[in-house]
$ cat model_20.txt   # compact mmCIF, C-alpha atoms
# COMPACT_ATOMS: atom_id res chain seq x y z
CA MET A 1 171.99 145.52 248.64
CA ARG A 2 168.63 145.83 250.38
CA VAL A 3 168.66 145.74 254.19
CA LEU A 4 165.61 145.27 256.41
CA MET A 5 166.41 146.78 259.81
CA ILE A 6 164.16 146.15 262.82
CA SER A 7 164.30 148.22 266.00
CA TRP A 8 161.96 148.67 268.98
CA GLU A 9 163.16 152.26 269.38
CA PHE A 10 163.55 155.16 266.99
CA PRO A 11 163.20 158.90 267.69
CA PRO A 12 161.14 160.38 269.16
CA HIS A 13 160.60 157.08 270.99
CA ILE A 14 163.92 156.73 272.83
CA VAL A 15 164.34 154.84 276.08
CA GLY A 16 168.11 154.34 276.07
CA GLY A 17 170.97 154.47 273.60
CA LEU A 18 169.48 151.96 271.15
CA GLY A 19 167.12 154.40 269.44
CA ARG A 20 169.76 157.07 269.07
CA HIS A 21 172.21 154.51 267.64
CA VAL A 22 169.71 153.43 264.96
CA ALA A 23 168.78 157.02 264.08
CA ASP A 24 172.42 158.07 263.70
CA ILE A 25 173.68 155.08 261.74
CA ILE A 26 170.88 154.79 259.13
CA PRO A 27 171.80 157.94 257.15
CA GLU A 28 175.42 156.81 257.06
CA LEU A 29 174.54 153.27 255.92
CA ALA A 30 172.21 154.35 253.12
CA SER A 31 174.22 154.83 249.92
CA GLU A 32 174.42 153.85 246.27
CA SER A 33 175.22 150.29 247.38
CA PHE A 34 172.90 149.94 250.40
CA GLN A 35 169.19 150.66 250.68
CA VAL A 36 167.81 150.53 254.24
CA GLN A 37 164.19 150.04 255.27
CA LEU A 38 163.55 150.32 259.03
CA LEU A 39 160.57 148.79 260.81
CA THR A 40 159.85 150.36 264.19
CA LEU A 41 156.92 151.16 266.49
CA ARG A 42 154.82 154.12 267.59
CA GLY A 43 152.90 154.78 264.39
CA THR A 44 149.68 156.78 264.70
CA SER A 45 147.94 154.80 261.94
CA PRO A 46 148.36 151.22 260.71
CA LEU A 47 151.61 152.18 258.93
CA ASN A 48 153.36 155.56 258.77
CA VAL A 49 156.23 155.98 256.31
CA GLU A 50 158.87 158.69 256.34
CA GLN A 51 162.22 159.23 254.68
CA ALA A 52 165.29 159.26 256.94
CA ALA A 53 167.82 159.67 254.11
CA PRO A 54 167.80 159.48 250.29
CA ARG A 55 167.94 155.66 250.41
CA ALA A 56 166.55 155.03 253.88
CA MET A 57 162.88 154.73 254.78
CA VAL A 58 161.33 154.44 258.24
CA HIS A 59 158.07 152.51 258.63
CA ARG A 60 156.32 153.18 261.94
CA ILE A 61 153.84 150.49 262.91
CA TYR A 62 150.83 151.13 265.09
CA THR A 63 150.56 148.52 267.84
CA PRO A 64 148.30 148.24 270.89
CA GLU A 65 149.77 149.28 274.24
CA SER A 66 147.58 147.35 276.65
CA ALA A 67 150.27 145.41 278.53
CA LEU A 68 152.02 147.07 281.47
CA ASP A 69 155.20 144.96 281.44
CA ILE A 70 157.77 144.88 278.65
CA VAL A 71 157.32 141.17 277.90
CA GLY A 72 153.59 141.72 277.36
CA GLN A 73 154.23 144.79 275.21
CA VAL A 74 156.62 142.77 273.04
CA ALA A 75 154.01 140.02 272.66
CA ASP A 76 151.36 142.57 271.64
CA ALA A 77 153.68 144.15 269.05
CA SER A 78 155.08 141.02 267.42
CA GLN A 79 152.17 140.13 265.12
CA PRO A 80 151.56 143.67 263.77
CA VAL A 81 155.30 144.09 263.10
CA LEU A 82 155.52 140.69 261.43
CA ALA A 83 152.52 141.46 259.21
CA ALA A 84 154.07 144.80 258.22
CA ALA A 85 157.37 143.05 257.46
CA HIS A 86 155.70 140.58 255.12
CA ALA A 87 153.86 143.40 253.33
CA LEU A 88 157.04 145.43 252.96
CA TRP A 89 158.96 142.36 251.72
CA ARG A 90 156.42 141.90 248.93
CA GLU A 91 156.39 145.61 248.12
CA VAL A 92 160.14 146.01 247.63
CA GLY A 93 160.78 142.57 246.14
CA GLY A 94 162.73 141.11 249.06
CA PHE A 95 165.80 141.86 251.14
CA ASP A 96 169.36 140.58 251.16
CA ILE A 97 169.97 141.07 254.89
CA ILE A 98 167.79 141.21 258.00
CA HIS A 99 169.33 143.30 260.80
CA VAL A 100 167.66 143.40 264.23
CA HIS A 101 168.64 145.41 267.30
CA ASP A 102 168.42 143.69 270.70
CA TRP A 103 165.91 141.08 271.89
CA LEU A 104 162.61 142.93 271.77
CA LEU A 105 161.71 142.10 268.16
CA ALA A 106 164.05 139.15 267.85
CA ASP A 107 161.21 136.67 267.37
CA VAL A 108 159.97 138.67 264.37
CA ALA A 109 163.45 138.75 262.83
CA ILE A 110 164.02 135.03 263.41
CA THR A 111 160.65 134.18 261.84
CA LEU A 112 161.51 136.27 258.78
CA LYS A 113 164.92 134.61 258.54
CA HIS A 114 163.41 131.14 258.27
CA HIS A 115 160.43 132.14 256.13
CA TYR A 116 162.50 133.89 253.46
CA GLN A 117 165.79 132.04 254.11
CA ARG A 118 167.85 135.20 254.28
CA PRO A 119 170.72 135.81 256.73
CA LEU A 120 170.07 137.52 260.05
CA ILE A 121 172.49 139.95 261.69
CA ALA A 122 171.89 141.02 265.30
CA THR A 123 173.29 144.04 267.09
CA ILE A 124 173.19 143.36 270.82
CA HIS A 125 173.56 146.61 272.72
CA ALA A 126 173.15 145.10 276.21
CA HIS A 127 171.96 141.86 277.74
CA GLU A 128 169.84 140.87 280.73
CA ARG A 129 172.61 139.08 282.63
CA GLY A 130 174.64 142.26 282.53
CA ARG A 131 171.76 144.54 283.43
CA ARG A 132 170.90 142.30 286.40
CA ARG A 133 174.53 141.68 287.34
CA GLY A 134 174.07 137.95 286.81
CA ASP A 135 170.77 137.60 288.67
CA ILE A 136 168.16 136.32 286.20
CA SER A 137 166.03 134.55 288.82
CA ALA A 138 162.91 136.65 288.08
CA PRO A 139 160.56 135.10 285.47
CA GLU A 140 160.78 138.17 283.22
CA SER A 141 164.58 138.08 283.31
CA ARG A 142 164.67 134.37 282.54
CA TYR A 143 162.42 134.93 279.54
CA ILE A 144 164.49 137.82 278.19
CA ASP A 145 167.68 135.83 278.72
CA SER A 146 166.25 132.90 276.74
CA VAL A 147 165.30 135.16 273.83
CA GLU A 148 168.74 136.75 273.85
CA TRP A 149 170.39 133.34 273.79
CA ARG A 150 168.21 132.24 270.89
CA LEU A 151 169.03 135.43 268.98
CA THR A 152 172.76 134.83 269.35
CA TYR A 153 172.23 131.26 268.13
CA GLU A 154 170.09 132.19 265.12
CA ALA A 155 172.13 135.19 263.95
CA TRP A 156 174.63 134.68 261.15
CA ARG A 157 176.84 137.30 262.75
CA ILE A 158 176.52 139.45 265.88
CA ILE A 159 177.61 143.07 266.25
CA VAL A 160 178.56 144.35 269.71
CA CYS A 161 179.77 147.79 270.72
CA SER A 162 182.73 146.88 272.92
CA ASP A 163 185.29 144.21 273.75
CA TYR A 164 183.49 143.93 277.08
CA MET A 165 180.24 142.91 275.36
CA GLN A 166 182.11 140.51 273.10
CA GLN A 167 183.57 138.72 276.10
CA SER A 168 180.23 138.80 277.94
CA LEU A 169 178.34 137.04 275.14
CA HIS A 170 181.19 134.56 274.69
CA THR A 171 181.11 133.73 278.40
CA ASP A 172 177.36 133.86 279.05
CA PHE A 173 176.02 132.32 275.83
CA SER A 174 179.07 130.41 274.51
CA VAL A 175 179.04 132.50 271.35
CA PRO A 176 182.22 131.78 269.33
CA LEU A 177 184.48 134.82 269.32
CA ASP A 178 184.82 134.64 265.55
CA LYS A 179 181.05 135.14 265.21
CA LEU A 180 181.22 138.52 266.98
CA ASP A 181 182.14 141.81 265.30
CA VAL A 182 183.16 144.60 267.68
CA ILE A 183 182.01 147.92 266.21
CA PRO A 184 181.94 150.81 268.71
CA ASN A 185 179.13 153.34 268.76
CA GLY A 186 179.65 156.71 267.19
CA ILE A 187 178.57 160.20 268.06
CA VAL A 188 177.13 163.10 266.13
CA VAL A 189 179.17 166.01 267.45
CA PRO A 190 176.70 168.74 268.45
CA HIS A 191 177.46 172.24 267.24
CA PHE A 192 176.23 173.95 270.38
CA ALA A 193 177.12 177.34 271.76
CA PHE A 194 175.37 180.02 273.79
CA ASP A 195 174.84 183.32 272.00
CA THR A 196 176.34 185.37 274.80
CA LEU A 197 177.94 184.91 278.20
CA SER A 198 174.78 186.37 279.70
CA THR A 199 172.65 183.70 278.00
CA ARG A 200 174.97 181.03 279.33
CA SER A 201 174.79 182.44 282.86
CA THR A 202 171.00 182.61 282.72
CA PHE A 203 170.79 179.00 281.54
CA ARG A 204 173.14 177.76 284.26
CA ALA A 205 171.22 179.67 286.94
CA ARG A 206 168.09 177.69 286.07
CA TYR A 207 169.81 174.55 287.33
CA GLN A 208 172.38 175.97 289.73
CA PRO A 209 171.12 179.23 291.26
CA ASP A 210 173.90 179.22 293.86
CA ALA A 211 177.59 179.97 293.48
CA GLY A 212 178.66 176.35 293.93
CA PRO A 213 179.68 173.67 291.42
CA LEU A 214 177.18 172.00 289.07
CA VAL A 215 177.44 168.23 288.61
CA TYR A 216 175.41 166.72 285.78
CA ALA A 217 174.30 163.22 284.84
CA VAL A 218 171.89 161.84 282.26
CA GLY A 219 170.43 158.38 281.69
CA ARG A 220 167.61 156.04 282.59
CA LEU A 221 166.70 155.98 286.27
CA VAL A 222 167.48 152.32 286.87
CA HIS A 223 169.63 150.59 289.46
CA GLU A 224 172.44 149.56 287.12
CA LYS A 225 173.21 153.20 286.24
CA GLY A 226 174.51 153.71 289.79
CA TRP A 227 172.73 156.98 290.52
CA HIS A 228 172.32 155.95 294.16
CA ILE A 229 176.13 155.83 294.40
CA LEU A 230 176.40 159.33 292.95
CA ILE A 231 173.78 160.74 295.32
CA ALA A 232 175.55 159.11 298.28
CA ALA A 233 178.79 160.73 297.06
CA MET A 234 177.00 164.09 297.17
CA GLY A 235 176.59 163.48 300.89
CA LEU A 236 180.38 163.55 301.18
CA LEU A 237 180.91 166.47 298.78
CA VAL A 238 178.71 168.96 300.59
CA ALA A 239 181.31 169.21 303.34
CA THR A 240 183.76 170.69 300.80
CA PHE A 241 181.20 172.41 298.55
CA PRO A 242 178.17 173.43 300.66
CA GLN A 243 176.41 174.89 297.60
CA ILE A 244 177.10 172.06 295.17
CA ARG A 245 174.14 170.89 293.09
CA LEU A 246 173.55 167.64 291.22
CA VAL A 247 171.19 167.53 288.24
CA VAL A 248 170.12 164.11 286.94
CA ALA A 249 168.11 164.00 283.70
CA GLY A 250 166.17 160.89 282.74
CA VAL A 251 163.12 158.82 283.56
CA GLY A 252 162.64 155.37 285.04
CA GLY A 253 161.19 153.29 287.81
CA TYR A 254 164.05 153.95 290.24
CA ARG A 255 163.12 157.59 290.87
CA ASP A 256 161.39 157.10 294.21
CA GLU A 257 164.35 155.12 295.53
CA LEU A 258 166.73 157.91 294.49
CA VAL A 259 164.60 160.45 296.35
CA ARG A 260 164.85 158.21 299.43
CA VAL A 261 168.65 157.94 299.06
CA ALA A 262 168.98 161.73 298.76
CA ARG A 263 166.87 162.23 301.86
CA ALA A 264 168.92 159.68 303.81
CA ALA A 265 172.17 161.35 302.72
CA GLY A 266 170.91 164.76 303.75
CA VAL A 267 171.20 166.21 300.23
CA GLU A 268 167.59 166.21 299.07
CA GLY A 269 167.78 169.96 298.54
CA ARG A 270 171.02 169.67 296.53
CA VAL A 271 169.76 167.02 294.07
CA ALA A 272 167.36 167.72 291.19
CA LEU A 273 165.80 164.81 289.27
CA ILE A 274 164.49 166.75 286.27
CA GLY A 275 163.03 163.94 284.14
CA PHE A 276 163.09 163.88 280.35
CA ILE A 277 164.79 166.78 278.56
CA SER A 278 165.30 167.78 274.93
CA ASP A 279 168.59 167.32 273.10
CA ALA A 280 169.17 171.07 273.20
CA GLU A 281 168.64 171.17 276.97
CA ARG A 282 170.93 168.14 277.39
CA ASN A 283 173.67 169.82 275.36
CA GLY A 284 173.27 173.05 277.28
CA LEU A 285 173.75 171.24 280.58
CA TYR A 286 176.91 169.54 279.33
CA SER A 287 178.18 172.96 278.31
CA VAL A 288 177.64 174.62 281.70
CA ALA A 289 178.37 171.74 284.10
CA ASP A 290 181.64 171.53 286.01
CA CYS A 291 181.61 167.76 285.75
CA ALA A 292 179.56 165.01 284.08
CA VAL A 293 179.40 161.78 286.08
CA PHE A 294 178.39 158.28 284.98
CA PRO A 295 178.72 155.87 287.92
CA SER A 296 177.30 152.78 286.17
CA LEU A 297 177.45 149.35 287.73
CA TYR A 298 176.89 147.90 284.23
CA GLU A 299 177.50 149.74 280.98
CA PRO A 300 178.03 147.93 277.67
CA PHE A 301 179.38 151.04 275.96
CA GLY A 302 178.80 154.51 277.39
CA ILE A 303 177.50 156.84 274.68
CA VAL A 304 176.62 159.45 277.31
CA ALA A 305 180.29 159.80 278.21
CA LEU A 306 181.09 160.43 274.54
CA GLU A 307 178.39 163.12 274.41
CA ALA A 308 179.99 164.87 277.36
CA MET A 309 183.45 164.57 275.80
CA ALA A 310 182.21 166.03 272.51
CA LEU A 311 180.77 169.02 274.36
CA ARG A 312 184.01 169.56 276.31
CA CYS A 313 182.62 168.65 279.72
CA PRO A 314 185.01 166.92 282.16
CA VAL A 315 183.95 163.34 282.84
CA VAL A 316 184.15 160.96 285.79
CA VAL A 317 183.00 157.40 285.08
CA SER A 318 183.00 153.94 286.60
CA ASP A 319 185.83 151.68 285.58
CA THR A 320 183.46 149.07 284.22
CA GLY A 321 182.16 147.57 280.98
CA GLY A 322 182.46 149.65 277.86
CA LEU A 323 183.13 152.88 279.75
CA ARG A 324 186.75 151.88 280.23
CA GLU A 325 187.03 151.53 276.44
CA VAL A 326 185.61 155.02 275.86
CA VAL A 327 187.39 157.00 278.58
CA ARG A 328 191.17 156.76 278.85
CA PRO A 329 192.13 157.04 282.54
CA GLU A 330 193.87 160.29 283.45
CA VAL A 331 194.02 161.22 279.75
CA THR A 332 190.41 161.89 278.73
CA GLY A 333 188.68 161.47 282.09
CA LEU A 334 188.82 159.96 285.56
CA LEU A 335 187.81 156.35 286.24
CA VAL A 336 186.80 155.04 289.64
CA PRO A 337 185.88 151.56 290.90
CA PRO A 338 182.15 150.91 290.54
CA ASP A 339 180.02 150.98 293.68
CA ASP A 340 182.65 153.02 295.57
CA VAL A 341 181.09 156.15 297.07
CA ALA A 342 184.31 157.57 298.55
CA ALA A 343 186.33 157.08 295.34
CA LEU A 344 183.59 158.71 293.27
CA ALA A 345 183.39 161.70 295.60
CA ALA A 346 187.20 162.08 295.52
CA ALA A 347 187.27 162.07 291.69
CA ILE A 348 184.51 164.68 291.45
CA ARG A 349 186.26 166.80 294.08
CA ARG A 350 189.54 166.58 292.17
CA THR A 351 187.85 167.55 288.89
CA ILE A 352 186.36 170.66 290.46
CA GLU A 353 189.40 171.69 292.50
CA VAL A 354 192.02 171.20 289.76
CA PRO A 355 190.42 172.80 286.69
CA VAL A 356 193.68 173.13 284.71
CA ALA A 357 194.20 169.36 284.71
CA ALA A 358 190.50 168.83 283.98
CA GLN A 359 190.76 171.07 280.93
CA ARG A 360 193.75 169.10 279.63
CA ARG A 361 191.62 165.98 279.81
CA VAL A 362 188.76 167.81 278.10
CA THR A 363 190.97 168.72 275.16
CA ALA A 364 192.16 165.14 274.67
CA ALA A 365 188.62 163.81 275.14
CA TYR A 366 187.26 166.07 272.41
CA VAL A 367 189.79 164.69 269.93
CA ASP A 368 188.82 161.11 270.80
CA ALA A 369 185.10 161.84 270.52
CA THR A 370 185.33 163.58 267.16
CA GLU A 371 188.02 161.54 265.41
CA THR A 372 187.79 158.00 266.80
CA PHE A 373 184.08 157.58 267.53
CA ASN A 374 182.37 158.91 264.42
CA TRP A 375 179.43 157.41 262.54
CA GLN A 376 181.22 157.28 259.21
CA ARG A 377 183.66 154.74 260.65
CA VAL A 378 180.87 152.84 262.36
CA ALA A 379 178.83 152.63 259.15
CA GLN A 380 181.86 151.54 257.14
CA ALA A 381 182.54 148.69 259.56
CA THR A 382 178.85 147.71 259.58
CA THR A 383 178.69 147.55 255.77
CA MET A 384 181.75 145.29 255.84
CA THR A 385 179.73 142.90 258.04
CA TYR A 386 176.80 143.13 255.60
CA THR A 387 179.05 142.43 252.62
CA ARG A 388 180.72 139.48 254.32
CA VAL A 389 177.43 137.87 255.33
CA ALA A 390 175.85 138.39 251.90
CA ALA A 391 178.88 136.82 250.22
CA GLU A 392 178.84 133.83 252.58
CA TRP A 393 175.11 133.32 251.99
CA ASP A 394 175.60 133.62 248.24
CA ALA A 395 178.32 130.97 248.32
CA GLY A 396 176.12 128.44 250.11
CA ASN A 397 173.01 126.43 249.26
CA TRP A 398 170.59 127.66 251.96
CA GLY A 399 167.77 129.76 250.49
CA LYS A 400 168.56 128.95 246.89
CA SER A 401 165.86 126.37 246.17
$ encode --input "model_20.txt" --output "structure tokens"
Amino acid sequence: MRVLMISWEFPPHIVGGLGRHVADIIPELASESFQVQLLTLRGTSPLNVEQAAPRAMVHRIYTPESALDIVGQVADASQPVLAAAHALWREVGGFDIIHVHDWLLADVAITLKHHYQRPLIATIHAHERGRRRGDISAPESRYIDSVEWRLTYEAWRIIVCSDYMQQSLHTDFSVPLDKLDVIPNGIVVPHFAFDTLSTRSTFRARYQPDAGPLVYAVGRLVHEKGWHILIAAMGLLVATFPQIRLVVAGVGGYRDELVRVARAAGVEGRVALIGFISDAERNGLYSVADCAVFPSLYEPFGIVALEAMALRCPVVVSDTGGLREVVRPEVTGLLVPPDDVAALAAAIRRTIEVPVAAQRRVTAAYVDATETFNWQRVAQATTMTYTRVAAEWDAGNWGKS
């Protein structure tokens, strides 16, 4: 079976979890039975081609980057991607399945669906109504919402990463529940270790030069990630831990607001917003931190929590969205109500002050991360969706004339 996959993101171009998901699942999908060709952006010439796995090719398309807003960037990219898709379709002799990730290149995928009359599968990682907590009054949000609705309508089947996302699309877009396949994200368990205790100590001292606890968080600097709640919680924690330090890795337009929140809470000197970091640096921070915290107001899955669990870092997360399906309360981590500064501070304090209990949770969390959320299982479930859709298309009349 030949699969044409379309994704706005692919390493090294990663904004959120979408790009990492695509990069991790493609090698597992490609097999004797499935050949995967991925169309993505950020080529340095009209079309760059590279091999991701023995039966998986990545085609990077060069597109102009003149627009400042995401809607304009999508509009600029659509025609070059569509042209590349048509060329690739002719080159390989057609595809059995079209699989698009999220709304950004949905129009391209939908056009290909109707032109070649082949079934479209959509993986929806997050949606605008969730990101905006229901407020889609801005023109950009209304546009994105309309594209997302159309994608759910046009797709033969829809893959989501959590029961939470399944219910959200059912409620917000009236998608029938039997059209939605819940397939959780997986994780590539990093094999990371410091060479010596001295190396570990030196690394930790770069981020926490004092003797106090080190709290770590990673993700896009946007409102829905709840970093302002975490920084406000730091204002409460300094009374117990005067030398505590918070390190937040990630980039985004909310940075200036977070600096303002830290200043208002009196913890500007205890909070470091370190921007983009490499995977190795990210893994090192998980390995030396006393606690990883993800205080999201909206989170369709929570891959960052899994990364922390796989690297044996105690986790505290918001009891919201997909996070509650990843972290088992009191078993693999601590869950707190979203948007609750005092509850978040109390959970972080408890994690630091009761390390024996935290380590019990770490042990259970590692088992969950490595045995339940692995890419082999995710790919197997995804290929079952492919096989089902291909069989249903084959049994019908559409696309046969």
$ residues_around --input "model_20.txt" --residues "Ala310 in chain A" --least-positions-apart "2" --cutoff "7 Å" --atoms "all atoms listed in the file" --output "PDB file with C-alpha atoms, keeping the file's coordinate frame"
ATOM      1  CA  VAL A 189     179.170 166.010 267.450  1.00  0.00           C
ATOM      2  CA  LEU A 306     181.090 160.430 274.540  1.00  0.00           C
ATOM      3  CA  GLU A 307     178.390 163.120 274.410  1.00  0.00           C
ATOM      4  CA  ALA A 308     179.990 164.870 277.360  1.00  0.00           C
ATOM      5  CA  ARG A 312     184.010 169.560 276.310  1.00  0.00           C
ATOM      6  CA  TYR A 366     187.260 166.070 272.410  1.00  0.00           C
ATOM      7  CA  ALA A 369     185.100 161.840 270.520  1.00  0.00           C
ATOM      8  CA  THR A 370     185.330 163.580 267.160  1.00  0.00           C
TER       9      THR A 370
END
$ closest_atom_pairs --input "model_20.txt" --of "range 198-309 of chain A" --to "range 346-357 of chain A" --cutoff "8 Å" --atoms "all atoms listed in the file" --output "Markdown table"
| residue | atom | partner | partner_atom | distance |
| --- | --- | --- | --- | --- |
| A:Pro213 | CA | A:Ile352 | CA | 7.4 |
| A:Leu237 | CA | A:Arg349 | CA | 7.1 |
| A:Asp290 | CA | A:Ile352 | CA | 6.5 |
| A:Cys291 | CA | A:Thr351 | CA | 7.0 |
| A:Val293 | CA | A:Ile348 | CA | 8.0 |
$ write_last_selection --input "model_20.txt" --atoms "C-alpha atoms" --output "mmCIF file, in the coordinates of the input"
data_model
loop_
_atom_site.group_PDB
_atom_site.id
_atom_site.type_symbol
_atom_site.label_atom_id
_atom_site.label_comp_id
_atom_site.auth_asym_id
_atom_site.auth_seq_id
_atom_site.Cartn_x
_atom_site.Cartn_y
_atom_site.Cartn_z
ATOM 1 C CA PRO A 213 179.680 173.670 291.420
ATOM 2 C CA LEU A 237 180.910 166.470 298.780
ATOM 3 C CA ASP A 290 181.640 171.530 286.010
ATOM 4 C CA CYS A 291 181.610 167.760 285.750
ATOM 5 C CA VAL A 293 179.400 161.780 286.080
#
$ closest_residue --input "model_20.txt" --among "A:Trp398, A:Tyr254, A:Tyr386, A:Tyr116" --to "Ile158 in chain A" --atoms "only C-alpha atoms"
A:Tyr386
$ atom_distance --input "model_20.txt" --atom1 "CA of Val215 in chain A" --atom2 "CA of Arg132 in chain A"
26.8 Å
$ axis_aligned_box --input "model_20.txt" --around "range 148-158 of chain A" --padding-each-side "6 Å" --output "AutoDock Vina command-line options"
--center_x 172.5 --center_y 135.4 --center_z 267.5 --size_x 20.6 --size_y 20.2 --size_z 24.7
$ closest_residue --input "model_20.txt" --among "A:Ile25, A:Leu335, A:Ile6, A:Ala193" --to "Trp103 in chain A" --atoms "all atoms listed in the file"
A:Ile6
$ residues_around --input "model_20.txt" --residues "Val147 in chain A" --least-positions-apart "6" --cutoff "10 Å" --atoms "only C-alpha atoms" --output "JSON, numbers by chain"
{"A": [102, 103, 104, 105, 106, 107, 141, 153]}
$ write_last_selection --input "model_20.txt" --atoms "C-alpha atoms" --output "short mmCIF file (atom, residue, chain, number, x, y, z; two decimals), in the frame of the given file"
data_model
loop_
_atom_site.label_atom_id
_atom_site.label_comp_id
_atom_site.auth_asym_id
_atom_site.auth_seq_id
_atom_site.Cartn_x
_atom_site.Cartn_y
_atom_site.Cartn_z
CA ASP A 102 168.42 143.69 270.70
CA TRP A 103 165.91 141.08 271.89
CA LEU A 104 162.61 142.93 271.77
CA LEU A 105 161.71 142.10 268.16
CA ALA A 106 164.05 139.15 267.85
CA ASP A 107 161.21 136.67 267.37
CA SER A 141 164.58 138.08 283.31
CA TYR A 153 172.23 131.26 268.13
#
$ closest_residue --input "model_20.txt" --among "A:Asp210, A:Thr383, A:Val316, A:Met234" --to "Ser33 in chain A" --atoms "only C-alpha atoms"
A:Thr383
$ atom_distance --input "model_20.txt" --atom1 "CA of Leu38 in chain A" --atom2 "CA of Glu148 in chain A"
20.8 Å
$ closest_residue --input "model_20.txt" --among "A:Leu169, A:Val317, A:Trp89, A:Ala345" --to "Phe241 in chain A" --atoms "all atoms listed in the file"
A:Ala345
$ residues_near_point --input "model_20.txt" --point "(169.5, 161.0, 284.5)" --cutoff "7 Å" --atoms "all atoms listed in the file" --output "list in words"
Ala217, Val218, Gly219, Arg220, Leu221, Val248, Ala249, Gly250 and Val251 of chain A
$ residues_near_point --input "model_20.txt" --point "(161.9, 134.1, 258.4)" --cutoff "12 Å" --atoms "all atoms listed in the file" --output "PyMOL selection string"
chain A and resi 4+82-83+85-86+89+94-95+97-98+106-120+154-155+399
$ residues_around --input "model_20.txt" --residues "range 322-330 of chain A" --least-positions-apart "4" --cutoff "10 Å" --atoms "only C-alpha atoms" --output "PyMOL selection string"
chain A and resi 161-165+184-185+294-296+298-306+309+315-318+334-336+357-358+360-361+364-365+368-369+372-373
$ atom_distance --input "model_20.txt" --atom1 "CA of Glu140 in chain A" --atom2 "CA of Ala67 in chain A"
13.6 Å
$ residues_around --input "model_20.txt" --residues "Val222 in chain A" --least-positions-apart "6" --cutoff "8 Å" --atoms "all atoms listed in the file" --output "VMD selection string"
chain A and resid 252 to 255
$ closest_residue --input "model_20.txt" --among "A:Ile231, A:Leu246, A:Ile144, A:Ala390" --to "Arg260 in chain A" --atoms "all atoms listed in the file"
A:Ile231
$ residues_around --input "model_20.txt" --residues "Ile183 in chain A" --least-positions-apart "3" --cutoff "9 Å" --atoms "only C-alpha atoms" --output "compact mmCIF listing (two decimals) with C-alpha atoms, in the frame of the given file"
# COMPACT_ATOMS: atom_id res chain seq x y z
CA ILE A 159 177.61 143.07 266.25
CA VAL A 160 178.56 144.35 269.71
CA CYS A 161 179.77 147.79 270.72
CA SER A 162 182.73 146.88 272.92
CA ARG A 377 183.66 154.74 260.65
CA VAL A 378 180.87 152.84 262.36
CA ALA A 381 182.54 148.69 259.56
CA THR A 382 178.85 147.71 259.58
$ closest_residue --input "model_20.txt" --among "A:Ile14, A:Ile229, A:Met1, A:Val49" --to "Phe276 in chain A" --atoms "only C-alpha atoms"
A:Ile14
$ build_atoms --input "model_20.txt" --residues "range 182-194 of chain A" --atoms "N, CA and C atoms" --output "PDB file, in the frame of the given file"
ATOM      1  N   VAL A 182     183.160 143.465 266.760  1.00  0.00           N
ATOM      2  CA  VAL A 182     183.160 144.600 267.680  1.00  0.00           C
ATOM      3  C   VAL A 182     183.205 145.890 266.869  1.00  0.00           C
ATOM      4  N   ILE A 183     182.106 146.640 266.923  1.00  0.00           N
ATOM      5  CA  ILE A 183     182.010 147.920 266.210  1.00  0.00           C
ATOM      6  C   ILE A 183     181.516 148.958 267.216  1.00  0.00           C
ATOM      7  N   PRO A 184     182.358 149.860 267.673  1.00  0.00           N
ATOM      8  CA  PRO A 184     181.940 150.810 268.710  1.00  0.00           C
ATOM      9  C   PRO A 184     180.846 151.744 268.199  1.00  0.00           C
ATOM     10  N   ASN A 185     180.108 152.314 269.117  1.00  0.00           N
ATOM     11  CA  ASN A 185     179.130 153.340 268.760  1.00  0.00           C
ATOM     12  C   ASN A 185     179.845 154.594 268.298  1.00  0.00           C
ATOM     13  N   GLY A 186     179.121 155.419 267.595  1.00  0.00           N
ATOM     14  CA  GLY A 186     179.650 156.710 267.190  1.00  0.00           C
ATOM     15  C   GLY A 186     178.897 157.827 267.874  1.00  0.00           C
ATOM     16  N   ILE A 187     179.249 159.033 267.508  1.00  0.00           N
ATOM     17  CA  ILE A 187     178.570 160.200 268.060  1.00  0.00           C
ATOM     18  C   ILE A 187     178.451 161.272 266.994  1.00  0.00           C
ATOM     19  N   VAL A 188     177.307 161.914 266.952  1.00  0.00           N
ATOM     20  CA  VAL A 188     177.130 163.100 266.130  1.00  0.00           C
ATOM     21  C   VAL A 188     177.552 164.286 266.989  1.00  0.00           C
ATOM     22  N   VAL A 189     178.630 164.927 266.623  1.00  0.00           N
ATOM     23  CA  VAL A 189     179.170 166.010 267.450  1.00  0.00           C
ATOM     24  C   VAL A 189     178.236 167.211 267.371  1.00  0.00           C
ATOM     25  N   PRO A 190     177.638 167.603 268.484  1.00  0.00           N
ATOM     26  CA  PRO A 190     176.700 168.740 268.450  1.00  0.00           C
ATOM     27  C   PRO A 190     177.452 170.051 268.235  1.00  0.00           C
ATOM     28  N   HIS A 191     176.910 170.896 267.400  1.00  0.00           N
ATOM     29  CA  HIS A 191     177.460 172.240 267.240  1.00  0.00           C
ATOM     30  C   HIS A 191     176.621 173.160 268.133  1.00  0.00           C
ATOM     31  N   PHE A 192     177.035 173.235 269.393  1.00  0.00           N
ATOM     32  CA  PHE A 192     176.230 173.950 270.380  1.00  0.00           C
ATOM     33  C   PHE A 192     177.056 175.060 271.005  1.00  0.00           C
ATOM     34  N   ALA A 193     176.466 176.220 271.076  1.00  0.00           N
ATOM     35  CA  ALA A 193     177.120 177.340 271.760  1.00  0.00           C
ATOM     36  C   ALA A 193     176.051 178.332 272.193  1.00  0.00           C
ATOM     37  N   PHE A 194     176.266 178.957 273.341  1.00  0.00           N
ATOM     38  CA  PHE A 194     175.370 180.020 273.790  1.00  0.00           C
ATOM     39  C   PHE A 194     175.684 181.299 273.021  1.00  0.00           C
TER      40      PHE A 194
END
